[in-house]
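**Student:** Please find model-v3.csv (CSV, C-alpha atoms) on the next line:
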chain,number,residue,atom,x,y,z
A,142,MET,CA,-6.4,64.8,58.5
A,143,ASN,CA,-3.6,66.7,56.9
A,144,LEU,CA,-3.3,70.1,58.6
A,145,ASN,CA,-1.0,71.4,55.9
A,146,ASP,CA,-3.7,71.0,53.3
A,147,PRO,CA,-5.1,74.5,52.4
A,148,LEU,CA,-8.6,73.1,52.1
A,149,THR,CA,-8.5,71.5,55.6
A,150,GLN,CA,-7.1,74.8,57.0
A,151,THR,CA,-9.9,76.7,55.3
A,152,LEU,CA,-12.5,74.3,56.7
A,153,ILE,CA,-11.1,74.5,60.2
A,154,PHE,CA,-11.1,78.3,59.9
A,155,ILE,CA,-14.7,78.5,58.7
A,156,ALA,CA,-15.8,76.2,61.5
A,157,LEU,CA,-13.9,78.3,64.1
A,158,GLY,CA,-15.5,81.5,62.7
A,159,ALA,CA,-19.0,80.0,62.9
A,160,VAL,CA,-18.4,78.7,66.5
A,161,LEU,CA,-17.2,82.2,67.5
A,162,ALA,CA,-20.2,83.9,65.9
A,163,ILE,CA,-22.6,81.5,67.7
A,164,THR,CA,-20.7,82.1,71.0
A,165,VAL,CA,-20.9,85.9,70.6
A,166,ILE,CA,-24.6,85.9,69.8
A,167,THR,CA,-25.3,83.5,72.7
A,168,ILE,CA,-23.4,85.7,75.1
A,169,VAL,CA,-25.2,88.8,73.9
A,170,GLU,CA,-28.6,87.1,74.0
A,171,LEU,CA,-27.9,85.8,77.6
A,172,ARG,CA,-26.9,89.3,78.7
A,173,THR,CA,-30.0,90.7,77.1
A,174,LYS,CA,-32.1,88.3,79.1
A,175,ARG,CA,-30.3,89.1,82.3
A,176,GLN,CA,-31.0,92.8,81.9
A,177,PRO,CA,-34.4,94.1,82.8
A,178,SER,CA,-36.7,94.2,79.8
A,179,ILE,CA,-36.6,97.5,77.9
A,180,VAL,CA,-39.8,96.9,76.1
A,181,GLU,CA,-42.1,95.5,78.7
A,182,ALA,CA,-43.5,98.1,80.9
A,183,LYS,CA,-43.6,96.4,84.3
A,184,ASN,CA,-45.3,97.8,87.5
A,185,LYS,CA,-47.0,100.4,85.3
A,186,LEU,CA,-49.2,102.7,87.2
A,187,SER,CA,-52.3,103.9,85.4
A,188,ILE,CA,-53.4,107.5,85.7
A,189,GLU,CA,-56.7,106.5,87.3
A,190,SER,CA,-55.0,104.4,90.0
A,191,LEU,CA,-52.9,107.5,91.0
A,192,ASN,CA,-56.0,109.4,91.7
A,193,THR,CA,-57.3,107.2,94.5
A,194,THR,CA,-55.9,107.7,98.0
A,195,GLN,CA,-56.0,104.0,98.8
A,196,ALA,CA,-53.9,103.2,95.7
A,197,LEU,CA,-51.4,105.9,96.6
A,198,ALA,CA,-51.1,104.6,100.1
A,199,GLU,CA,-50.5,101.1,98.8
A,200,ARG,CA,-47.9,102.3,96.4
A,201,ALA,CA,-46.1,104.3,99.2
A,202,LYS,CA,-46.0,101.1,101.3
A,203,GLN,CA,-44.6,99.1,98.4
A,204,LEU,CA,-42.0,101.7,97.7
A,205,GLN,CA,-41.0,101.8,101.4
A,206,SER,CA,-40.6,98.0,101.6
A,207,GLU,CA,-38.5,98.1,98.3
A,208,LYS,CA,-36.3,100.9,99.9
A,209,GLU,CA,-35.8,98.9,103.0
A,210,MET,CA,-34.9,95.8,101.0
A,211,THR,CA,-32.4,97.8,99.0
A,212,LEU,CA,-30.8,99.3,102.0
A,213,SER,CA,-30.5,96.0,103.8
A,214,GLN,CA,-28.5,94.6,100.9
A,215,LYS,CA,-24.7,94.8,101.1
A,216,PRO,CA,-23.1,97.3,98.7
A,217,GLN,CA,-21.8,95.4,95.7
A,218,LYS,CA,-18.5,95.9,94.0
A,219,HIS,CA,-18.6,97.3,90.5
A,220,THR,CA,-18.0,94.4,88.2
A,221,ARG,CA,-17.1,94.5,84.5
A,222,LYS,CA,-19.9,93.5,82.1
A,223,PRO,CA,-19.6,89.9,80.9
A,224,SER,CA,-19.3,90.9,77.3
A,225,GLU,CA,-16.4,93.1,78.1
A,226,MET,CA,-14.7,90.3,80.0
A,227,VAL,CA,-15.2,88.0,77.0
A,228,ALA,CA,-13.9,90.6,74.6
A,229,TYR,CA,-10.7,91.2,76.5
A,230,THR,CA,-10.2,87.5,77.0
A,231,LEU,CA,-10.6,86.9,73.2
A,232,LEU,CA,-8.2,89.8,72.5
A,233,LEU,CA,-5.6,88.3,74.8
A,234,LEU,CA,-5.9,84.8,73.5
A,235,GLY,CA,-5.8,86.1,69.9
A,236,ALA,CA,-2.7,88.2,70.5
A,237,SER,CA,-1.0,85.2,72.2
A,238,ALA,CA,-1.9,82.9,69.3
A,239,LEU,CA,-0.6,85.4,66.8
A,240,VAL,CA,2.7,85.7,68.7
A,241,ILE,CA,3.1,81.9,68.9
A,242,SER,CA,2.2,81.5,65.2
A,243,ILE,CA,5.1,83.8,64.3
A,244,LEU,CA,7.5,81.9,66.6
A,245,TYR,CA,6.5,78.5,65.2
A,246,SER,CA,5.5,79.6,61.7
A,247,SER,CA,2.1,78.0,62.1
A,248,SER,CA,-0.5,79.3,59.7
A,249,ILE,CA,-3.4,77.6,61.6
A,250,LEU,CA,-2.4,79.4,64.8
A,251,ALA,CA,-2.2,82.6,62.8
A,252,PHE,CA,-5.7,82.1,61.5
A,253,ILE,CA,-7.0,81.3,65.0
A,254,GLY,CA,-5.1,84.4,66.4
A,255,LEU,CA,-6.6,86.6,63.7
A,256,GLY,CA,-10.1,85.3,64.3
A,257,LEU,CA,-9.9,85.7,68.1
A,258,THR,CA,-8.4,89.1,67.9
A,259,PHE,CA,-11.0,90.2,65.4
A,260,TRP,CA,-14.0,88.9,67.4
A,261,GLY,CA,-12.6,90.4,70.6
A,262,ALA,CA,-12.3,93.8,69.0
A,263,LEU,CA,-15.7,93.5,67.3
A,264,LEU,CA,-17.4,92.6,70.6
A,265,LEU,CA,-16.0,95.7,72.2
A,266,TYR,CA,-17.0,97.8,69.2
A,267,ILE,CA,-20.6,96.6,69.0
A,268,LYS,CA,-21.4,96.7,72.7
A,269,PRO,CA,-24.6,98.5,73.4
A,270,THR,CA,-25.0,102.1,74.4
A,271,LYS,CA,-27.1,102.8,77.5
A,272,TYR,CA,-30.7,101.5,77.4
A,273,VAL,CA,-33.5,102.5,79.7
A,274,LYS,CA,-36.7,100.6,80.6
A,275,ALA,CA,-39.8,101.4,78.5
A,276,SER,CA,-41.8,101.9,81.7
A,277,LEU,CA,-39.4,104.8,82.7
A,278,LEU,CA,-40.0,106.4,79.3
A,279,ASP,CA,-43.8,106.2,79.7
A,280,SER,CA,-43.8,107.6,83.2
A,281,THR,CA,-41.6,110.5,82.3
A,282,ALA,CA,-43.7,111.5,79.3
A,283,LEU,CA,-47.0,111.0,81.1
A,284,SER,CA,-46.6,113.3,84.0
A,285,SER,CA,-46.0,116.3,81.8
A,286,LEU,CA,-48.9,115.4,79.5
A,287,LYS,CA,-51.1,115.1,82.5
A,288,THR,CA,-50.0,118.6,83.7
A,289,ILE,CA,-50.8,120.1,80.3
A,290,ASP,CA,-54.2,118.4,80.3
A,291,HIS,CA,-54.9,119.9,83.7
A,292,ILE,CA,-53.9,123.4,82.6
A,293,ILE,CA,-56.0,123.3,79.5
A,294,THR,CA,-59.0,122.0,81.4
A,295,ASP,CA,-58.7,124.6,84.1
A,296,LEU,CA,-58.4,127.4,81.5
A,297,ASN,CA,-61.3,126.0,79.7
A,298,TYR,CA,-59.6,126.3,76.3
A,299,ARG,CA,-61.5,124.3,73.7
A,300,GLY,CA,-59.5,124.8,70.5
A,301,LYS,CA,-57.4,122.2,68.8
A,302,ALA,CA,-53.6,122.5,69.2
A,303,ILE,CA,-52.0,124.2,66.2
A,304,TYR,CA,-48.3,123.3,65.5
A,305,LEU,CA,-46.7,126.4,64.3
A,306,PRO,CA,-43.8,126.4,61.7
A,307,PRO,CA,-40.6,128.2,62.5
A,308,LYS,CA,-40.8,131.6,60.9
A,309,TYR,CA,-37.5,133.0,61.9
A,310,PRO,CA,-34.0,131.4,61.3
A,311,ARG,CA,-33.0,131.6,65.0
A,312,SER,CA,-36.0,129.5,66.0
A,313,LEU,CA,-35.4,126.6,63.5
A,314,LYS,CA,-34.6,124.2,66.4
A,315,SER,CA,-37.5,125.4,68.6
A,316,GLY,CA,-41.1,124.6,68.2
A,317,THR,CA,-44.4,126.1,69.4
A,318,VAL,CA,-47.9,124.8,69.7
A,319,PHE,CA,-50.7,127.2,70.0
A,320,ILE,CA,-54.0,126.2,71.7
A,321,PRO,CA,-56.7,128.8,71.0
A,322,SER,CA,-59.3,129.5,73.7
A,323,GLU,CA,-62.2,129.0,71.2
A,324,LYS,CA,-63.1,126.2,68.9
A,325,GLU,CA,-62.4,128.0,65.6
A,326,LEU,CA,-58.9,127.6,64.2
A,327,VAL,CA,-57.0,130.9,64.4
A,328,VAL,CA,-53.3,131.0,63.6
A,329,PRO,CA,-51.5,133.7,65.6
A,330,PRO,CA,-49.3,136.1,63.6
A,331,ALA,CA,-45.6,135.3,63.6
A,332,GLU,CA,-44.8,138.6,65.4
A,333,GLU,CA,-47.0,137.6,68.3
A,334,VAL,CA,-45.4,134.2,68.6
A,335,ALA,CA,-41.9,135.6,68.3
A,336,LYS,CA,-42.4,137.5,71.6
A,337,GLU,CA,-42.2,134.1,73.3
A,338,LYS,CA,-45.1,134.8,75.6
A,339,VAL,CA,-47.0,131.9,77.1
A,340,PHE,CA,-50.5,133.6,77.0
A,341,LEU,CA,-51.5,135.4,73.9
A,342,GLU,CA,-54.3,138.0,73.8
A,343,ASN,CA,-54.9,138.4,70.1
A,344,PRO,CA,-55.9,135.7,69.3
A,345,ARG,CA,-56.6,134.5,72.9
A,346,GLY,CA,-54.8,131.2,73.6
A,347,ILE,CA,-51.7,129.6,75.1
A,348,CYS,CA,-48.3,128.9,73.5
A,349,LEU,CA,-46.6,125.8,74.7
A,350,THR,CA,-43.4,123.8,74.0
A,351,PRO,CA,-44.7,120.6,72.3
A,352,PRO,CA,-44.0,117.3,74.0
A,353,GLY,CA,-42.3,115.9,70.9
A,354,LEU,CA,-39.8,118.7,70.4
A,355,GLY,CA,-36.8,116.8,71.9
A,356,LEU,CA,-37.6,113.9,69.7
A,357,VAL,CA,-37.6,116.1,66.6
A,358,ASN,CA,-34.2,117.6,67.4
A,359,LEU,CA,-32.9,114.0,67.8
A,360,TYR,CA,-34.3,113.1,64.4
A,361,GLU,CA,-32.5,116.0,62.8
A,362,LYS,CA,-29.3,115.1,64.6
A,363,GLU,CA,-29.5,111.5,63.4
A,364,LEU,CA,-30.4,112.5,59.8
A,365,ARG,CA,-27.9,115.4,59.8
A,366,LYS,CA,-30.6,117.5,58.1
A,367,GLU,CA,-32.8,120.4,59.1
A,368,PHE,CA,-36.4,119.6,58.4
A,369,ALA,CA,-37.1,123.3,57.6
A,370,LYS,CA,-34.9,122.7,54.4
A,371,VAL,CA,-36.6,119.5,53.2
A,372,ASP,CA,-40.0,118.7,51.6
A,373,LEU,CA,-42.6,116.1,52.2
A,374,ARG,CA,-41.1,113.6,49.7
A,375,TYR,CA,-37.9,113.6,51.7
A,376,LEU,CA,-39.8,112.8,54.8
A,377,GLN,CA,-41.7,109.9,53.1
A,378,ASN,CA,-38.3,108.5,51.9
A,379,ASN,CA,-36.2,109.0,55.0
A,380,LEU,CA,-38.4,109.0,58.2
A,381,PRO,CA,-39.3,105.2,57.9
A,382,LYS,CA,-35.6,104.3,57.8
A,383,LEU,CA,-34.9,106.6,60.8
A,384,PHE,CA,-37.8,105.2,62.8
A,385,ILE,CA,-37.2,101.5,62.1
A,386,GLU,CA,-33.5,101.1,61.6
A,387,ASP,CA,-31.7,104.0,63.2
A,388,LEU,CA,-33.7,104.8,66.3
A,389,GLU,CA,-35.8,101.7,66.5
A,390,ILE,CA,-38.8,103.7,67.7
A,391,ALA,CA,-41.2,101.6,65.6
A,392,GLU,CA,-41.4,98.5,63.5
A,393,GLY,CA,-43.0,100.3,60.6
A,394,LEU,CA,-43.9,103.8,59.4
A,395,GLU,CA,-45.9,104.9,56.4
A,396,ILE,CA,-46.5,108.5,55.4
A,397,SER,CA,-49.0,109.3,52.6
A,398,ASN,CA,-50.7,112.6,51.7
A,399,GLU,CA,-53.9,113.5,49.9
A,400,GLY,CA,-54.5,117.2,49.4
A,401,ASN,CA,-53.9,118.9,52.7
A,402,MET,CA,-54.3,115.7,54.7
A,403,ILE,CA,-51.3,113.7,55.7
A,404,GLN,CA,-51.8,110.2,57.0
A,405,VAL,CA,-49.1,108.6,59.2
A,406,LYS,CA,-49.4,104.9,60.1
A,407,ILE,CA,-47.1,103.8,62.9
A,408,THR,CA,-46.7,100.1,63.7
A,409,GLY,CA,-45.1,98.5,66.8
A,410,SER,CA,-44.2,101.8,68.4
A,411,ILE,CA,-42.2,101.9,71.7
A,412,TYR,CA,-44.6,104.8,72.7
A,413,LYS,CA,-47.6,102.4,72.5
A,414,ASN,CA,-48.2,102.6,76.3
A,415,SER,CA,-47.8,106.4,76.4
A,416,CYS,CA,-50.2,106.7,73.5
A,417,GLU,CA,-52.8,104.5,75.3
A,418,GLU,CA,-52.5,106.6,78.4
A,419,ALA,CA,-52.6,109.8,76.5
A,420,ARG,CA,-55.9,108.7,74.9
A,421,LYS,CA,-57.5,108.9,78.3
A,422,LEU,CA,-56.6,112.6,78.6
A,423,SER,CA,-59.3,114.5,76.8
A,424,ASN,CA,-57.3,117.5,75.8
A,425,VAL,CA,-54.2,115.6,74.7
A,426,CYS,CA,-54.8,112.7,72.4
A,427,ASN,CA,-56.6,114.3,69.5
A,428,SER,CA,-55.2,117.8,70.0
A,429,LEU,CA,-51.7,118.0,71.3
A,430,GLY,CA,-50.8,114.3,70.8
A,431,CYS,CA,-48.5,111.9,72.6
A,432,PRO,CA,-44.8,112.6,72.3
A,433,LEU,CA,-44.5,110.5,69.1
A,434,CYS,CA,-47.6,112.0,67.3
A,435,SER,CA,-46.5,115.5,68.5
A,436,SER,CA,-43.0,115.0,67.1
A,437,ILE,CA,-44.4,114.0,63.7
A,438,ALA,CA,-46.6,117.1,63.7
A,439,ILE,CA,-43.5,119.3,64.4
A,440,VAL,CA,-41.6,117.6,61.6
A,441,LEU,CA,-44.5,118.2,59.2
A,442,ALA,CA,-44.8,121.9,60.3
A,443,ARG,CA,-41.1,122.4,59.7
A,444,ALA,CA,-41.0,120.6,56.4
A,445,THR,CA,-44.2,122.2,54.9
A,446,GLY,CA,-43.6,125.6,56.6
A,447,LYS,CA,-47.3,125.7,57.4
A,448,PRO,CA,-49.3,125.3,60.6
A,449,ILE,CA,-50.4,121.7,61.3
A,450,ILE,CA,-53.1,120.2,63.4
A,451,ILE,CA,-53.6,116.6,64.5
A,452,GLU,CA,-57.0,115.9,63.0
A,453,LYS,CA,-57.5,112.5,64.7
A,454,THR,CA,-55.5,109.5,66.0
A,455,GLN,CA,-56.9,106.0,66.0
A,456,PRO,CA,-55.6,102.7,67.1
A,457,PHE,CA,-56.1,99.6,65.0
A,458,GLU,CA,-57.7,96.4,66.3
A,459,ASP,CA,-54.4,94.6,66.4
A,460,ASP,CA,-53.4,97.0,69.2
A,461,LYS,CA,-50.0,97.5,67.5
A,462,THR,CA,-50.8,100.1,64.8
A,463,ILE,CA,-51.7,103.7,65.3
A,464,GLU,CA,-53.0,105.8,62.5
A,465,ALA,CA,-52.7,109.6,62.8
A,466,TYR,CA,-54.2,112.2,60.5
A,467,TYR,CA,-52.6,115.6,60.2
A,468,ARG,CA,-54.1,118.6,58.4
A,469,ILE,CA,-52.1,121.4,56.8
A,470,ILE,CA,-53.8,124.8,57.5
A,471,GLU,CA,-53.6,127.3,54.8
A,472,GLU,CA,-52.9,130.7,56.3
B,750,MET,CA,10.5,84.5,62.3
B,751,ASN,CA,8.0,85.5,59.6
B,752,PHE,CA,4.3,86.0,59.8
B,753,PRO,CA,3.0,82.7,58.4
B,754,LEU,CA,0.1,84.0,56.4
B,755,SER,CA,0.4,85.4,52.9
B,756,PHE,CA,-1.6,88.2,51.4
B,757,TRP,CA,-4.0,85.7,49.8
B,758,ASP,CA,-4.5,83.9,53.1
B,759,ILE,CA,-5.6,87.2,54.6
B,760,SER,CA,-7.8,87.8,51.6
B,761,LEU,CA,-9.5,84.5,52.2
B,762,TRP,CA,-9.9,85.3,55.9
B,763,LEU,CA,-11.4,88.6,55.1
B,764,ALA,CA,-13.9,87.0,52.7
B,765,VAL,CA,-15.1,84.4,55.3
B,766,ALA,CA,-15.3,87.0,58.1
B,767,ALA,CA,-17.2,89.4,55.9
B,768,ILE,CA,-19.7,86.8,54.9
B,769,ILE,CA,-20.3,85.7,58.5
B,770,LEU,CA,-20.8,89.4,59.6
B,771,GLN,CA,-23.0,90.3,56.7
B,772,ALA,CA,-25.3,87.3,57.4
B,773,THR,CA,-25.4,88.1,61.1
B,774,SER,CA,-26.1,91.8,60.5
B,775,GLU,CA,-28.9,90.9,58.0
B,776,LEU,CA,-30.5,88.4,60.5
B,777,LEU,CA,-30.5,91.0,63.2
B,778,SER,CA,-32.0,93.7,61.0
B,779,PRO,CA,-35.0,95.5,62.6
B,780,TYR,CA,-36.8,95.3,59.3
B,781,TYR,CA,-37.6,91.6,59.8
B,782,ALA,CA,-38.3,91.4,63.5
B,783,LYS,CA,-37.4,92.9,66.8
B,784,THR,CA,-34.7,90.5,68.0
B,785,GLY,CA,-34.2,92.2,71.4
B,786,ILE,CA,-30.5,91.7,71.2
B,787,LEU,CA,-28.9,94.8,72.7
B,788,ILE,CA,-26.0,95.5,70.4
B,789,GLU,CA,-25.2,98.4,68.1
B,790,LYS,CA,-26.6,96.9,64.9
B,791,ARG,CA,-25.4,99.9,62.8
B,792,ARG,CA,-21.8,99.3,64.0
B,793,LEU,CA,-22.1,95.6,63.2
B,794,ARG,CA,-23.2,96.4,59.7
B,795,THR,CA,-20.4,99.0,59.3
B,796,ALA,CA,-17.8,96.4,60.4
B,797,ALA,CA,-19.3,93.9,57.9
B,798,LEU,CA,-19.3,96.3,55.1
B,799,THR,CA,-15.7,97.4,55.9
B,800,LEU,CA,-14.5,93.8,55.8
B,801,GLY,CA,-16.4,93.2,52.6
B,802,LEU,CA,-14.8,96.3,51.0
B,803,LEU,CA,-11.3,95.2,52.2
B,804,PHE,CA,-11.8,91.8,50.6
B,805,MET,CA,-12.9,93.5,47.3
B,806,PHE,CA,-9.8,95.6,47.5
B,807,THR,CA,-7.7,92.4,47.6
B,808,VAL,CA,-9.7,91.0,44.7
B,809,PHE,CA,-8.9,94.1,42.6
B,810,ILE,CA,-5.2,93.7,43.4
B,811,ARG,CA,-5.5,90.1,42.1
B,812,ILE,CA,-7.2,91.2,38.9
B,813,TYR,CA,-4.6,94.0,38.4
B,814,GLN,CA,-1.8,91.4,38.8
B,815,ILE,CA,-3.4,89.1,36.3
B,816,ILE,CA,-3.8,91.9,33.8
B,817,VAL,CA,-0.3,93.1,34.2
B,818,SER,CA,1.2,89.7,33.9
Taking this structure as input, can you express it in the form of structure tokens?
**Tutor:**
Amino acid sequence: MNLNDPLTQTLIFIALGAVLAITVITIVELRTKRQPSIVEAKNKLSIESLNTTQALAERAKQLQSEKEMTLSQKPQKHTRKPSEMVAYTLLLLGASALVISILYSSSILAFIGLGLTFWGALLLYIKPTKYVKASLLDSTALSSLKTIDHIITDLNYRGKAIYLPPKYPRSLKSGTVFIPSEKELVVPPAEEVAKEKVFLENPRGICLTPPGLGLVNLYEKELRKEFAKVDLRYLQNNLPKLFIEDLEIAEGLEISNEGNMIQVKITGSIYKNSCEEARKLSNVCNSLGCPLCSSIAIVLARATGKPIIIEKTQPFEDDKTIEAYYRIIEE
Amino acid sequence: MNFPLSFWDISLWLAVAAIILQATSELLSPYYAKTGILIEKRRLRTAALTLGLLFMFTVFIRIYQIIVS
């Protein structure tokens, strides 16, 4: 094997690159396995189970034993993440190889040095941002939805939630959902909503901050676009990419419209569990919606400039796909 | 004491690294499947595209040299 032959050098370099790529992917995969699953919702408490005293007492006991176990453990030193350690090692080795290659005029060492330095830097660059468990996401969203359901049930409001569009420039980032007391759809005048009162008298109903508002502002931040300044076609072209690629909220998203009905098909959503739990709350699922359905309603209200209601949401048999129908209300 | 790699060696290195990264980024794309690998996939793709563009830049220099000579 002649190491001075350019072809041999190239082959060695390609082999080294491939080995490094495999190593990096293996390390990342191993680290992913070591971390608690972000998708699987473990130890999930259903809403019904919280309602029974026995279940609550059992849960309290379980939490107490977990707390005792945690306290009995010795405090651990903060250690650097394995990927960071590997990245810094690669950087150090690469830099050393580059220096030695200059000293001995070795092109092979220079290639190795370049490769190691590059992969070290890349590993630091692509390290993940903070992730949270999906179970945490579900629990946080569910408690507020349950509270809203209780309030609406107690007030005996029977109307469908109406997602109101922003009428004034200062409220472009905010959102309001109006739940009328009676079944007929009555859109409150913009002046009434602008007073920012919770309970409206004319028409009678309640104005709430929708559960998906935070998500919508995140969508706008990611897309660097205000939904109030776009149309439905823009949403059809850009929301799927945002959901699948940028935020990884879902595995698929399709938006289609027919007249004043808009159909949204969401596949493999990370809010699947929240959606399932929200379906058990009578005033939430087909009215206010889970955080994801609610966020889409706000997006549609902002883009069309018209009030929107969630007509119905239905899961598919595969248990992965949710279909939501939204209706544009002509004022 | 000179750096042992020429401009064209670096160009070759850029090409190979760009191909490896582009392939990796494509394989990890959420459009195909949820891989569950916790990395910034967008950053990986940016790095791959940057390397690809750098390689194309070296190619244009080569073409320019051929035309001039």
**Student:** I need every residue sitting at most 6 Å from the point (-54.8, 114.1, 80.7) (coordinates as in the file, all atoms listed in the file considered), written as number ranges by chain.
**Tutor:** A: 287, 290, 422-423
**Student:** Let me make sure I understand: among B:Trp757, B:Val817, B:Ile786, B:Leu800, which one has the smallest atom-to-atom distance to chain A if we use all atoms listed in the file?
**Tutor:** B:Ile786
**Student:** When distances are computed from only C-alpha atoms, which of B:Thr807, B:Leu777, B:Ser818, B:Ala772 shows the smallest separation from Ile759 (chain B)?
**Tutor:**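 Ranking B:Thr807, B:Leu777, B:Ser818, B:Ala772 by distance to Ile759 (chain B), first place goes to B:Thr807.
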**Student:** Each residue of chain B lying at most 7 Å from chain A should get a row with its shortest atom-to-atom pair and the distance in Å to one decimal, counting all atoms listed in the file; could you produce that, ordered by chain and increasing number, as a tab-separated table?
**Tutor:**
residue	atom	partner	partner_atom	distance
B:Met750	CA	A:Ile243	CA	5.8
B:Asn751	CA	A:Ile243	CA	5.8
B:Phe752	CA	A:Ile243	CA	5.1
B:Pro753	CA	A:Ser248	CA	5.0
B:Leu754	CA	A:Ser248	CA	5.8
B:Val765	CA	A:Ile155	CA	6.8
B:Pro779	CA	A:Glu386	CA	5.9
B:Tyr780	CA	A:Ile385	CA	6.8
B:Ile786	CA	A:Glu170	CA	5.7
B:Leu787	CA	A:Pro269	CA	5.7
B:Ile788	CA	A:Pro269	CA	4.5
B:Glu789	CA	A:Ile267	CA	5.0
B:Arg792	CA	A:Ile267	CA	5.8
B:Leu793	CA	A:Ile267	CA	6.1
**Student:** Mind checking which residues fall within 9 Å of Asn343 (chain A), counting only C-alpha atoms, ignoring those fewer than 2 positions away in the same chain, and posting them as number ranges by chain?
**Tutor:** A: 329-330, 333, 341, 345-346
**Student:** Give me, as a PyMOL selection string, all polymer residues having an atom no more than 12 Å from Gly801 (chain B), counting only C-alpha atoms and skipping those fewer than 5 positions away in the same chain.
**Tutor:** chain B and resi 760-772+794-796+806-808
